[in-house]
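Structure data follow from my_file-v3.cif (mmCIF, C-alpha atoms and all ligand atoms):
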data_structure
loop_
_atom_site.label_atom_id
_atom_site.label_comp_id
_atom_site.auth_asym_id
_atom_site.auth_seq_id
_atom_site.Cartn_x
_atom_site.Cartn_y
_atom_site.Cartn_z
CA MET A 316 -41.43 -29.58 4.79
CA ALA A 317 -43.33 -32.11 6.88
CA ILE A 318 -46.21 -32.01 4.42
CA ALA A 319 -43.90 -32.67 1.50
CA GLY A 320 -42.20 -35.46 3.43
CA GLY A 321 -45.57 -36.98 4.30
CA PHE A 322 -46.70 -36.75 0.73
CA ILE A 323 -43.59 -38.53 -0.57
CA TRP A 324 -43.94 -41.18 2.10
CA LEU A 325 -47.58 -41.81 1.22
CA THR A 326 -46.73 -42.04 -2.46
CA VAL A 327 -43.97 -44.57 -1.86
CA ILE A 328 -46.06 -46.66 0.51
CA GLY A 329 -48.98 -46.45 -1.90
CA LEU A 330 -46.81 -47.73 -4.72
CA LEU A 331 -45.56 -50.51 -2.51
CA ALA A 332 -49.11 -51.54 -1.64
CA HIS A 333 -50.01 -51.38 -5.30
CA ALA A 334 -47.05 -53.58 -6.18
CA THR A 335 -47.99 -56.23 -3.64
CA ARG A 336 -51.70 -56.28 -4.44
CA HIS A 337 -51.83 -56.42 -8.19
CA GLU A 338 -51.36 -59.54 -10.19
CA ARG A 339 -47.90 -59.76 -11.62
CA THR A 340 -47.89 -59.17 -15.30
CA PRO A 341 -44.46 -58.38 -16.69
CA ILE A 342 -44.25 -54.96 -18.31
CA ASP A 343 -42.30 -54.04 -21.37
CA GLU A 344 -38.56 -53.65 -20.81
CA ARG A 345 -38.42 -50.23 -22.50
CA VAL A 346 -41.23 -48.95 -20.31
CA ALA A 347 -39.57 -50.41 -17.25
CA SER A 348 -36.23 -48.72 -17.85
CA ARG A 349 -37.92 -45.44 -18.62
CA LEU A 350 -39.89 -45.80 -15.39
CA ILE A 351 -36.68 -46.44 -13.45
CA PHE A 352 -34.97 -43.46 -15.00
CA TRP A 353 -37.75 -40.97 -14.38
CA GLY A 354 -39.30 -42.36 -11.24
CA GLY A 355 -36.08 -43.57 -9.66
CA ALA A 356 -33.58 -40.91 -10.59
CA ALA A 357 -34.86 -37.79 -12.32
CA ILE A 358 -37.95 -36.97 -10.27
CA PRO A 359 -36.40 -37.73 -6.87
CA SER A 360 -33.39 -35.53 -7.74
CA LEU A 361 -35.67 -32.72 -8.76
CA LEU A 362 -37.85 -33.04 -5.66
CA LEU A 363 -34.80 -33.11 -3.43
CA PHE A 364 -33.46 -30.07 -5.23
CA LEU A 365 -36.66 -28.16 -4.53
CA LEU A 366 -36.90 -29.31 -0.90
CA LEU A 367 -33.24 -28.51 -0.29
CA GLY A 368 -33.73 -25.07 -1.78
CA TYR A 369 -36.75 -24.50 0.43
CA ALA A 370 -34.83 -25.61 3.55
CA LEU A 371 -31.91 -23.35 2.72
CA TRP A 372 -34.28 -20.48 2.16
CA LEU A 373 -35.75 -21.04 5.65
CA MET A 374 -32.36 -21.06 7.31
CA PRO A 375 -31.81 -17.32 7.92
CA GLY A 376 -35.02 -17.38 9.99
CA LEU A 377 -33.54 -20.01 12.26
CA ARG A 378 -30.38 -18.03 12.75
CA PRO A 379 -31.64 -14.45 12.94
CA PHE A 380 -28.46 -13.15 14.58
CA ALA A 381 -26.57 -13.78 11.36
CA ARG A 382 -28.51 -10.94 9.80
CA ALA A 383 -29.30 -8.65 12.70
CA GLY A 384 -25.67 -8.37 13.74
CA GLU A 385 -24.35 -8.25 17.26
CA ALA A 386 -26.00 -7.26 20.52
CA ASN A 387 -29.66 -7.08 19.67
CA GLY A 388 -30.72 -8.61 22.95
CA LEU A 389 -29.59 -10.74 25.81
CA ARG A 390 -26.63 -12.94 25.07
CA ILE A 391 -25.72 -15.83 27.31
CA GLU A 392 -22.21 -17.14 27.10
CA VAL A 393 -21.88 -20.76 28.18
CA THR A 394 -18.48 -22.42 28.44
CA GLY A 395 -18.21 -26.16 28.76
CA GLU A 396 -15.53 -27.32 31.19
CA GLN A 397 -14.76 -30.77 32.55
CA PHE A 398 -17.39 -31.32 34.02
CA TRP A 399 -19.51 -28.24 34.55
CA TRP A 400 -20.88 -25.18 32.77
CA ARG A 401 -19.61 -21.65 33.17
CA VAL A 402 -22.37 -19.13 32.49
CA ALA A 403 -22.14 -15.39 31.83
CA TYR A 404 -25.11 -13.17 31.05
CA HIS A 405 -24.18 -10.29 28.76
CA PRO A 406 -26.84 -7.62 29.07
CA ALA A 407 -28.11 -6.01 25.89
CA ASP A 408 -26.66 -2.63 26.85
CA GLY A 409 -23.15 -4.05 26.98
CA GLY A 410 -22.81 -3.73 30.77
CA VAL A 411 -20.73 -5.93 33.06
CA PRO A 412 -21.46 -9.60 32.53
CA ILE A 413 -23.22 -11.43 35.33
CA LEU A 414 -21.52 -14.69 36.23
CA SER A 415 -23.06 -17.96 37.28
CA ALA A 416 -22.70 -21.69 36.72
CA ASN A 417 -24.62 -24.88 36.02
CA GLU A 418 -27.95 -23.12 35.72
CA ILE A 419 -29.33 -21.01 32.93
CA ARG A 420 -32.34 -18.77 33.13
CA LEU A 421 -33.99 -17.18 30.17
CA PRO A 422 -37.05 -15.04 29.51
CA VAL A 423 -40.09 -16.63 27.87
CA GLY A 424 -41.03 -15.23 24.49
CA GLU A 425 -37.70 -13.53 23.77
CA ARG A 426 -35.03 -14.91 21.53
CA VAL A 427 -31.80 -15.49 23.39
CA GLU A 428 -28.50 -15.86 21.67
CA PHE A 429 -26.12 -18.38 23.19
CA LEU A 430 -22.39 -18.08 22.67
CA LEU A 431 -20.99 -21.54 23.19
CA LYS A 432 -17.35 -22.12 24.06
CA SER A 433 -15.09 -24.71 25.60
CA THR A 434 -11.77 -24.52 27.37
CA ASP A 435 -10.69 -28.14 27.28
CA VAL A 436 -12.38 -30.73 25.07
CA ILE A 437 -15.46 -30.79 22.90
CA HIS A 438 -18.71 -30.62 24.82
CA SER A 439 -22.17 -30.24 23.41
CA PHE A 440 -24.87 -27.92 24.65
CA TRP A 441 -28.39 -29.24 24.46
CA ILE A 442 -31.75 -28.28 25.91
CA PRO A 443 -33.88 -30.92 24.19
CA ALA A 444 -37.13 -29.14 25.04
CA LEU A 445 -36.03 -25.94 23.35
CA GLY A 446 -33.94 -26.92 20.36
CA GLY A 447 -31.20 -28.95 18.79
CA LYS A 448 -27.74 -29.50 20.15
CA MET A 449 -24.68 -27.46 19.34
CA ASP A 450 -21.09 -28.48 19.95
CA MET A 451 -18.79 -26.43 22.13
CA ILE A 452 -15.39 -26.53 20.50
CA PRO A 453 -12.16 -25.26 22.08
CA GLY A 454 -11.01 -22.09 20.35
CA ARG A 455 -14.32 -21.43 18.64
CA VAL A 456 -17.48 -19.56 19.48
CA ASN A 457 -20.57 -21.34 18.25
CA ARG A 458 -23.84 -19.49 18.23
CA LEU A 459 -27.25 -20.84 18.94
CA SER A 460 -30.50 -18.96 19.10
CA LEU A 461 -33.29 -20.31 21.30
CA LEU A 462 -36.80 -19.17 22.00
CA ALA A 463 -38.63 -20.53 25.02
CA THR A 464 -42.38 -20.37 24.50
CA LYS A 465 -43.53 -21.85 27.79
CA PRO A 466 -42.28 -21.16 31.30
CA GLY A 467 -40.78 -24.19 32.97
CA THR A 468 -37.68 -25.96 34.12
CA TYR A 469 -35.86 -27.93 31.49
CA ARG A 470 -32.91 -30.27 31.76
CA GLY A 471 -29.86 -30.01 29.59
CA PRO A 472 -27.21 -32.72 29.29
CA CYS A 473 -23.75 -32.54 27.82
CA ALA A 474 -24.27 -34.31 24.53
CA GLU A 475 -20.69 -35.06 23.53
CA TYR A 476 -18.56 -37.51 25.46
CA CYS A 477 -16.00 -35.39 27.30
CA GLY A 478 -14.38 -37.61 29.91
CA THR A 479 -14.97 -39.72 33.00
CA SER A 480 -17.80 -37.67 34.45
CA HIS A 481 -19.42 -36.78 31.17
CA ALA A 482 -22.68 -38.41 32.22
CA LEU A 483 -22.64 -36.25 35.37
CA MET A 484 -22.48 -33.01 33.44
CA THR A 485 -25.95 -31.52 33.18
CA PHE A 486 -27.63 -28.23 33.87
CA THR A 487 -31.09 -26.83 34.39
CA ALA A 488 -32.60 -24.21 32.16
CA VAL A 489 -35.38 -22.19 33.71
CA ALA A 490 -37.66 -20.24 31.42
CA MET A 491 -39.29 -17.40 33.34
CA GLN A 492 -41.71 -14.60 32.60
CA PRO A 493 -39.68 -11.65 31.27
CA ALA A 494 -40.44 -9.38 34.22
CA ALA A 495 -39.50 -12.05 36.74
CA PHE A 496 -36.40 -12.84 34.75
CA ARG A 497 -35.21 -9.24 34.74
CA GLU A 498 -35.79 -8.99 38.46
CA TRP A 499 -33.90 -12.21 39.00
CA LEU A 500 -30.99 -11.00 36.86
CA ALA A 501 -30.85 -7.63 38.65
CA VAL A 502 -30.48 -9.43 41.97
CA ARG A 503 -27.62 -11.54 40.55
CA ALA A 504 -25.78 -8.42 39.47
CA ASN A 505 -24.99 -7.62 43.09
CA PRO A 506 -23.25 -9.68 45.76
CA SER A 507 -25.57 -11.83 47.81
CA PRO A 508 -26.13 -10.17 51.20
CA GLY A 509 -25.74 -13.65 52.75
CA ALA A 510 -25.41 -14.16 56.43
CA SER A 511 -22.07 -13.30 57.97
CA LEU A 512 -21.41 -16.80 59.15
CA PRO A 513 -18.06 -18.21 60.28
CA GLY A 514 -18.10 -20.37 57.15
CA ARG A 515 -17.06 -17.39 55.12
CA ASP A 516 -13.69 -17.06 56.85
CA ILE A 517 -13.09 -20.79 56.77
CA PHE A 518 -13.82 -20.74 53.03
CA LEU A 519 -11.31 -17.95 52.46
CA ARG A 520 -8.72 -19.41 54.82
CA ASN A 521 -8.65 -22.77 53.06
CA GLY A 522 -7.94 -21.35 49.66
CA CYS A 523 -11.31 -22.11 48.10
CA GLY A 524 -11.17 -18.57 46.75
CA ALA A 525 -8.25 -19.47 44.52
CA CYS A 526 -10.64 -21.40 42.33
CA HIS A 527 -14.06 -20.02 43.18
CA ARG A 528 -15.45 -16.55 42.97
CA VAL A 529 -17.91 -15.25 45.52
CA ALA A 530 -18.89 -11.70 44.67
CA GLY A 531 -18.28 -9.25 47.48
CA THR A 532 -15.45 -11.27 49.06
CA GLN A 533 -11.76 -11.69 48.29
CA ALA A 534 -12.64 -14.96 46.57
CA GLU A 535 -11.92 -14.12 42.94
CA GLY A 536 -10.86 -17.47 41.50
CA GLY A 537 -11.95 -18.42 38.02
CA VAL A 538 -10.98 -22.10 37.86
CA GLY A 539 -14.22 -23.49 39.28
CA PRO A 540 -17.86 -22.45 39.25
CA ASP A 541 -18.92 -19.04 40.48
CA LEU A 542 -20.52 -19.54 43.89
CA SER A 543 -21.85 -16.01 44.42
CA HIS A 544 -25.46 -17.09 44.52
CA MET A 545 -25.06 -20.82 45.00
CA GLY A 546 -27.82 -21.04 47.59
CA SER A 547 -30.47 -20.03 45.11
CA ARG A 548 -29.55 -22.71 42.59
CA GLY A 549 -31.35 -26.00 42.73
CA THR A 550 -28.31 -28.19 42.22
CA ILE A 551 -24.54 -28.31 42.59
CA GLY A 552 -21.83 -30.22 40.79
CA ALA A 553 -23.54 -29.64 37.44
CA GLY A 554 -26.78 -31.32 38.36
CA VAL A 555 -25.48 -34.31 40.35
CA LEU A 556 -26.56 -33.18 43.81
CA THR A 557 -29.20 -30.98 45.32
CA THR A 558 -28.21 -28.03 47.45
CA ASP A 559 -29.27 -29.58 50.74
CA ASP A 560 -26.75 -29.42 53.59
CA GLU A 561 -25.75 -33.03 53.47
CA ALA A 562 -25.07 -32.90 49.75
CA VAL A 563 -23.00 -29.73 49.84
CA ARG A 564 -20.92 -31.14 52.68
CA SER A 565 -20.23 -34.38 50.91
CA PHE A 566 -19.33 -32.57 47.68
CA ILE A 567 -16.76 -30.39 49.47
CA ALA A 568 -15.31 -33.39 51.33
CA HIS A 569 -14.89 -35.70 48.35
CA PRO A 570 -15.83 -34.33 44.94
CA HIS A 571 -13.83 -37.18 43.41
CA LEU A 572 -16.14 -39.82 44.80
CA ILE A 573 -19.09 -37.91 43.42
CA LYS A 574 -17.54 -36.85 40.13
CA PRO A 575 -14.52 -38.91 39.14
CA GLY A 576 -11.97 -36.86 37.24
CA SER A 577 -13.23 -33.53 38.58
CA LYS A 578 -10.71 -30.69 38.87
CA MET A 579 -11.82 -29.87 42.40
CA PRO A 580 -9.51 -31.41 45.03
CA ASP A 581 -10.91 -33.43 47.94
CA PHE A 582 -11.16 -31.47 51.17
CA ASN A 583 -11.95 -34.30 53.56
CA MET A 584 -8.85 -33.39 55.59
CA LEU A 585 -10.79 -30.41 56.91
CA PRO A 586 -12.61 -30.95 60.21
CA GLN A 587 -16.24 -31.97 59.73
CA GLN A 588 -17.26 -28.89 61.62
CA ASP A 589 -15.47 -26.55 59.19
CA ILE A 590 -17.02 -28.22 56.18
CA ALA A 591 -20.44 -27.88 57.74
CA GLU A 592 -19.82 -24.18 58.41
CA ILE A 593 -18.74 -23.58 54.83
CA ALA A 594 -21.74 -25.48 53.52
CA SER A 595 -24.24 -23.48 55.52
CA TRP A 596 -22.60 -20.20 54.50
CA LEU A 597 -22.65 -21.18 50.80
CA LYS A 598 -26.26 -22.24 51.06
CA GLY A 599 -27.11 -18.86 52.49
CA LEU A 600 -25.80 -17.06 49.39
CA GLU A 601 -29.06 -16.49 47.65
CA MET B 161 -5.87 -37.37 -35.23
CA ARG B 162 -7.64 -37.85 -31.94
CA ILE B 163 -6.80 -35.54 -29.13
CA ILE B 164 -8.40 -37.88 -26.66
CA PRO B 165 -7.62 -41.54 -27.30
CA LYS B 166 -10.65 -43.65 -28.07
CA GLU B 167 -10.05 -46.18 -25.38
CA VAL B 168 -8.35 -45.56 -22.10
CA GLU B 169 -7.55 -48.96 -20.63
CA THR B 170 -7.55 -47.92 -17.04
CA LEU B 171 -9.96 -48.04 -14.17
CA TRP B 172 -9.11 -44.53 -13.07
CA THR B 173 -11.41 -42.71 -15.47
CA LEU B 174 -14.27 -44.19 -13.46
CA PHE B 175 -13.55 -41.75 -10.64
CA THR B 176 -13.17 -38.58 -12.65
CA ALA B 177 -16.60 -37.18 -11.88
CA PRO B 178 -16.63 -37.93 -8.15
CA VAL B 179 -13.16 -36.42 -7.91
CA ILE B 180 -14.38 -33.27 -9.66
CA TRP B 181 -17.29 -33.13 -7.24
CA ALA B 182 -14.98 -33.49 -4.24
CA GLY B 183 -12.58 -30.86 -5.57
CA HIS B 184 -15.41 -28.45 -6.29
CA PHE B 185 -16.86 -29.00 -2.81
CA LEU B 186 -13.51 -28.36 -1.17
CA ALA B 187 -12.72 -25.35 -3.31
CA CYS B 188 -16.10 -23.68 -2.64
CA TYR B 189 -15.90 -24.08 1.12
CA ALA B 190 -12.21 -23.17 1.29
CA LEU B 191 -12.76 -20.05 -0.80
CA ALA B 192 -15.65 -18.86 1.37
CA ALA B 193 -13.83 -19.68 4.61
CA ILE B 194 -10.62 -17.92 3.59
CA TRP B 195 -12.50 -14.91 2.31
CA CYS B 196 -14.55 -14.64 5.51
CA ALA B 197 -11.43 -14.96 7.67
CA LYS B 198 -9.42 -12.34 5.77
CA ARG B 199 -12.09 -9.81 4.84
CA GLY B 200 -10.34 -7.99 2.05
CA ASP B 201 -11.76 -4.84 0.51
CA LEU B 202 -13.47 -6.83 -2.23
CA GLY B 203 -17.14 -7.54 -1.71
CA PHE B 204 -18.77 -10.90 -1.17
CA ALA B 205 -19.73 -10.72 -4.84
CA VAL B 206 -16.20 -11.89 -5.63
CA VAL B 207 -16.81 -15.10 -3.71
CA GLN B 208 -20.14 -15.55 -5.42
CA ALA B 209 -18.63 -15.02 -8.85
CA GLY B 210 -15.79 -17.39 -7.99
CA ILE B 211 -18.16 -20.13 -6.89
CA VAL B 212 -20.35 -19.67 -9.96
CA ALA B 213 -17.28 -19.95 -12.17
CA MET B 214 -16.02 -23.04 -10.35
CA THR B 215 -19.46 -24.62 -10.53
CA LEU B 216 -19.74 -24.05 -14.26
CA ALA B 217 -16.24 -25.40 -14.79
CA ALA B 218 -16.98 -28.47 -12.68
CA LEU B 219 -20.23 -29.13 -14.51
CA ALA B 220 -18.52 -28.76 -17.87
CA MET B 221 -15.81 -31.21 -16.89
CA ILE B 222 -18.39 -33.68 -15.64
CA VAL B 223 -20.34 -33.38 -18.89
CA LEU B 224 -17.16 -33.99 -20.84
CA SER B 225 -16.32 -37.01 -18.74
CA GLY B 226 -19.90 -38.19 -19.15
CA TRP B 227 -19.71 -37.83 -22.89
CA LEU B 228 -16.49 -39.86 -23.00
CA ALA B 229 -18.13 -42.51 -20.86
CA TRP B 230 -21.16 -42.56 -23.08
CA ARG B 231 -18.88 -43.08 -26.03
CA GLN B 232 -17.06 -45.87 -24.22
CA TRP B 233 -20.41 -47.49 -23.55
CA GLY B 234 -21.24 -47.28 -27.23
CA PHE B 235 -23.84 -44.50 -27.06
CA GLY B 236 -26.45 -46.78 -25.56
CA THR B 237 -26.36 -49.43 -28.27
CA ASN B 238 -25.62 -52.16 -25.77
CA ASP B 239 -27.81 -53.07 -22.84
CA PRO B 240 -26.46 -53.97 -19.45
CA PRO B 241 -25.61 -56.19 -17.64
CA HIS B 242 -22.13 -56.36 -19.06
CA ASP B 243 -21.06 -59.34 -17.04
CA ASP B 244 -19.24 -61.61 -19.45
CA PRO B 245 -15.57 -62.16 -18.65
CA THR B 246 -14.41 -60.44 -21.83
CA ALA B 247 -12.44 -57.29 -22.52
CA THR B 248 -15.40 -55.83 -24.42
CA ASP B 249 -17.81 -56.31 -21.55
CA ARG B 250 -15.33 -54.97 -19.07
CA ASN B 251 -14.99 -51.89 -21.21
CA LEU B 252 -18.71 -51.45 -21.66
CA PHE B 253 -19.34 -51.99 -17.98
CA GLN B 254 -16.83 -49.35 -17.07
CA GLY B 255 -18.31 -46.91 -19.53
CA PHE B 256 -21.80 -47.43 -18.16
CA ALA B 257 -20.68 -47.16 -14.52
CA THR B 258 -18.76 -43.99 -15.29
CA LEU B 259 -21.78 -42.51 -16.98
CA LEU B 260 -23.96 -43.21 -13.95
CA LEU B 261 -21.36 -41.70 -11.64
CA CYS B 262 -21.25 -38.63 -13.88
CA GLY B 263 -24.99 -38.18 -13.48
CA LEU B 264 -24.71 -38.51 -9.73
CA SER B 265 -21.83 -36.07 -9.52
CA PHE B 266 -23.60 -33.56 -11.74
CA VAL B 267 -26.55 -33.45 -9.36
CA ALA B 268 -24.23 -33.40 -6.34
CA VAL B 269 -22.31 -30.40 -7.66
CA LEU B 270 -25.58 -28.54 -8.14
CA TYR B 271 -26.64 -29.35 -4.58
CA VAL B 272 -23.32 -28.11 -3.25
CA ALA B 273 -23.70 -24.82 -5.10
CA LEU B 274 -27.34 -24.31 -4.16
CA PRO B 275 -26.77 -22.51 -0.82
CA LEU B 276 -25.06 -19.76 -2.79
CA LEU B 277 -28.46 -18.50 -3.89
CA PHE B 278 -29.36 -17.74 -0.29
CA ILE B 279 -26.11 -16.54 1.24
CA ASP B 280 -25.40 -12.85 1.23
CA GLY B 281 -22.27 -12.63 3.34
CA CYS B 282 -20.24 -13.99 6.21
CA SER B 283 -22.12 -14.62 9.45
CA SER B 284 -19.98 -12.43 11.69
CU CU C 701 -19.11 -32.26 28.59
#

Any chance you could give the structure as structure tokens?
Amino acid sequence: MAIAGGFIWLTVIGLLAHATRHERTPIDERVASRLIFWGGAAIPSLLLFLLLGYALWLMPGLRPFARAGEANGLRIEVTGEQFWWRVAYHPADGGVPILSANEIRLPVGERVEFLLKSTDVIHSFWIPALGGKMDMIPGRVNRLSLLATKPGTYRGPCAEYCGTSHALMTFTAVAMQPAAFREWLAVRANPSPGASLPGRDIFLRNGCGACHRVAGTQAEGGVGPDLSHMGSRGTIGAGVLTTDDEAVRSFIAHPHLIKPGSKMPDFNMLPQQDIAEIASWLKGLE
Amino acid sequence: MRIIPKEVETLWTLFTAPVIWAGHFLACYALAAIWCAKRGDLGFAVVQAGIVAMTLAALAMIVLSGWLAWRQWGFGTNDPPHDDPTATDRNLFQGFATLLLCGLSFVAVLYVALPLLFIDGCSS
């Protein structure tokens, strides 16, 4: 495709150069109109027809899941929400999905199928280093197949304006060696041992569990991001803050200052001490 | 007796071919989408046959419209530009423009139908 494109480009530029260089002798009108018809209409249409056919023929290779059917490997379901990403790993054997948020990990060298959804408005899922963007449309499941060839940490923005904090809606995608990935995923399948810190009770007492899930506790909420293994993620608030103490505390106290329009209420009425306790407990969930 | 009058003094015939293209486009995609949503007992071959039939019909209509336009333009006996403020030139201009649009629409209909060669069913 690129070769054909390059060839056409060279031809056109060559003709242009030719036209500017040569002395201008008018050519016969019949010849000119024939030239316009063939060179300007017929041949381009034919070339486009062939290139389009070639591109369409390539397409099944770019969307292998269309042919192979369901469940031929790991499927990662990502749901766009204002203004964060809900993530669920569906293992190939159809086991219980493993929940997470705002961070996606995938094995290097294996095709991963993404199921992209939205619960509110249109978002768009994009890991520029790995492939093109795909919209997340309420009521629809869009599929995208990605193959990471190099291990690394990639950034992904929301690529469709979705509200006040749209620009603050990003995630990290980490491509890992398959063995390391499987180990990582196996750890996520169980509750984090965590430290039994007082923050845990303060978290539950203040109703955080109505919106957040922390595996292994009574916190079962599904409104906000899953916090089961928050401590092992690099960022919170969909990429706006790191997970250092200070940042977690300020996010809990006033998410609205950090992310205008966020669905998480401010908790700055809680004593500083309580917020700090919660933050250090959450950070310990690795 | 002419079934089709020799001269249609209206601007609307200009758009015949693009309208056929648009209708064909819509019909192809709607047919495939409805079929994929309902999944009757009939195979995908029905959709393919339907689209082939619609494509042939659309192409035939465009050729007909193109032939009428060619006739309106005088079968190429007059050269453009037809830019004199006379009824004749207006007529010739319209014929020529319609003919060009027919060519464009013919190619466009083919491009719309092209994916059919590579599709063998609904994606899921
Ligand atoms: Cu968004």

TODO: Counting all atoms listed in the file, note down every residue that has an atom within 12 Å of the point (-37.1, -50.7, -26.7) (file coordinates), as a ChimeraX atom specification.
DONE: /A:342-349 /B:236-239

- [ ] Please identify every polymer residue within 9 Å of ligand CU 701 (chain C), using only C-alpha atoms and all ligand atoms, and present the set as JSON, numbers by chain.
- [x] {"A": [395, 396, 397, 398, 399, 400, 436, 437, 438, 439, 440, 451, 472, 473, 474, 475, 476, 477, 478, 480, 481, 482, 483, 484, 485]}

Open item on the list: Env of Lys598 of chain A: 10 Å cut, atoms = all atoms listed in the file, seq-sep filter 3 positions within chain, self excluded. Answer as a list in words.
Closed with: Gly509, Ala510, Leu542, His544, Met545, Gly546, Ser547, Arg548, Thr558, Asp559, Asp560, Val563, Glu592, Ile593, Ala594, Ser595 and Glu601 of chain A

- [ ] Give me, as an NGL selection string, the contact residues of chain A against chain B at a cut-off of 7 Å, counting all atoms listed in the file.
- [x] :A and (364 or 368 or 371-372 or 381)

Open item on the list: Using only C-alpha atoms, which protein or nucleic acid residues come within 12 Å of Tyr189 of chain B? Drop anything in the same chain fewer than 4 positions from it, and give the result as an NGL selection string.
Closed with: :B and (182-185 or 193-196 or 207-208 or 210-211 or 214 or 272-273 or 275-276)

TODO: Go through B:Ala177, B:Leu260, B:Gln232, B:Thr170 one by one, measure the shortest atom-to-atom distance of each to Thr248 of chain B using all atoms listed in the file, and give the residue with the smallest value.
DONE: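 The closest residue to Thr248 of chain B is B:Gln232.
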
- [ ] Could you please determine the separation between atom CA of Ser460 of chain A and atom CA of Arg503 of chain A in Å, to one decimal place?
- [x] 22.9 Å

Task: Two-atom distance - atom CA of Gly234 of chain B, atom CA of Leu252 of chain B (Å) - done: 7.4 Å

Open item on the list: Set the distance at 12 Å and use only C-alpha atoms: which residues neighbour Asp541 of chain A once local chain neighbours fewer than 6 positions away are removed? I'd like the list as a ChimeraX atom specification.
Closed with: /A:399-403,413-418,503,506,523-530,534-535,548,551-553,597,600

Same residues, C-alpha atoms, saved as a PDB file, in the frame of the given file:
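Below you can see out.pdb, which holds the result:
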ATOM      1  CA  TRP A 399     -19.510 -28.240  34.550  1.00  0.00           C
ATOM      2  CA  TRP A 400     -20.880 -25.180  32.770  1.00  0.00           C
ATOM      3  CA  ARG A 401     -19.610 -21.650  33.170  1.00  0.00           C
ATOM      4  CA  VAL A 402     -22.370 -19.130  32.490  1.00  0.00           C
ATOM      5  CA  ALA A 403     -22.140 -15.390  31.830  1.00  0.00           C
ATOM      6  CA  ILE A 413     -23.220 -11.430  35.330  1.00  0.00           C
ATOM      7  CA  LEU A 414     -21.520 -14.690  36.230  1.00  0.00           C
ATOM      8  CA  SER A 415     -23.060 -17.960  37.280  1.00  0.00           C
ATOM      9  CA  ALA A 416     -22.700 -21.690  36.720  1.00  0.00           C
ATOM     10  CA  ASN A 417     -24.620 -24.880  36.020  1.00  0.00           C
ATOM     11  CA  GLU A 418     -27.950 -23.120  35.720  1.00  0.00           C
ATOM     12  CA  ARG A 503     -27.620 -11.540  40.550  1.00  0.00           C
ATOM     13  CA  PRO A 506     -23.250  -9.680  45.760  1.00  0.00           C
ATOM     14  CA  CYS A 523     -11.310 -22.110  48.100  1.00  0.00           C
ATOM     15  CA  GLY A 524     -11.170 -18.570  46.750  1.00  0.00           C
ATOM     16  CA  ALA A 525      -8.250 -19.470  44.520  1.00  0.00           C
ATOM     17  CA  CYS A 526     -10.640 -21.400  42.330  1.00  0.00           C
ATOM     18  CA  HIS A 527     -14.060 -20.020  43.180  1.00  0.00           C
ATOM     19  CA  ARG A 528     -15.450 -16.550  42.970  1.00  0.00           C
ATOM     20  CA  VAL A 529     -17.910 -15.250  45.520  1.00  0.00           C
ATOM     21  CA  ALA A 530     -18.890 -11.700  44.670  1.00  0.00           C
ATOM     22  CA  ALA A 534     -12.640 -14.960  46.570  1.00  0.00           C
ATOM     23  CA  GLU A 535     -11.920 -14.120  42.940  1.00  0.00           C
ATOM     24  CA  ARG A 548     -29.550 -22.710  42.590  1.00  0.00           C
ATOM     25  CA  ILE A 551     -24.540 -28.310  42.590  1.00  0.00           C
ATOM     26  CA  GLY A 552     -21.830 -30.220  40.790  1.00  0.00           C
ATOM     27  CA  ALA A 553     -23.540 -29.640  37.440  1.00  0.00           C
ATOM     28  CA  LEU A 597     -22.650 -21.180  50.800  1.00  0.00           C
ATOM     29  CA  LEU A 600     -25.800 -17.060  49.390  1.00  0.00           C
TER      30      LEU A 600
END

Task: d(atom CA of Ser360 of chain A, atom CA of Gly255 of chain B) in Å - done: 22.3 Å

Enumerate, as a tab-separated table (two decimals) with C-alpha atoms, keeping the file's coordinate frame, the protein, DNA and RNA residues whose atoms approach (-15.1, -31.9, -7.9) to within 10 Å, taking into account all atoms listed in the file and the coordinate frame of the file.
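Done, and the output landed in out-v1.tsv:
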chain	number	residue	atom	x	y	z
B	176	THR	CA	-13.17	-38.58	-12.65
B	177	ALA	CA	-16.60	-37.18	-11.88
B	178	PRO	CA	-16.63	-37.93	-8.15
B	179	VAL	CA	-13.16	-36.42	-7.91
B	180	ILE	CA	-14.38	-33.27	-9.66
B	181	TRP	CA	-17.29	-33.13	-7.24
B	182	ALA	CA	-14.98	-33.49	-4.24
B	183	GLY	CA	-12.58	-30.86	-5.57
B	184	HIS	CA	-15.41	-28.45	-6.29
B	185	PHE	CA	-16.86	-29.00	-2.81
B	186	LEU	CA	-13.51	-28.36	-1.17
B	187	ALA	CA	-12.72	-25.35	-3.31
B	188	CYS	CA	-16.10	-23.68	-2.64
B	214	MET	CA	-16.02	-23.04	-10.35
B	215	THR	CA	-19.46	-24.62	-10.53
B	217	ALA	CA	-16.24	-25.40	-14.79
B	218	ALA	CA	-16.98	-28.47	-12.68
B	219	LEU	CA	-20.23	-29.13	-14.51
B	221	MET	CA	-15.81	-31.21	-16.89
B	222	ILE	CA	-18.39	-33.68	-15.64
B	265	SER	CA	-21.83	-36.07	-9.52
B	266	PHE	CA	-23.60	-33.56	-11.74
B	268	ALA	CA	-24.23	-33.40	-6.34
B	269	VAL	CA	-22.31	-30.40	-7.66
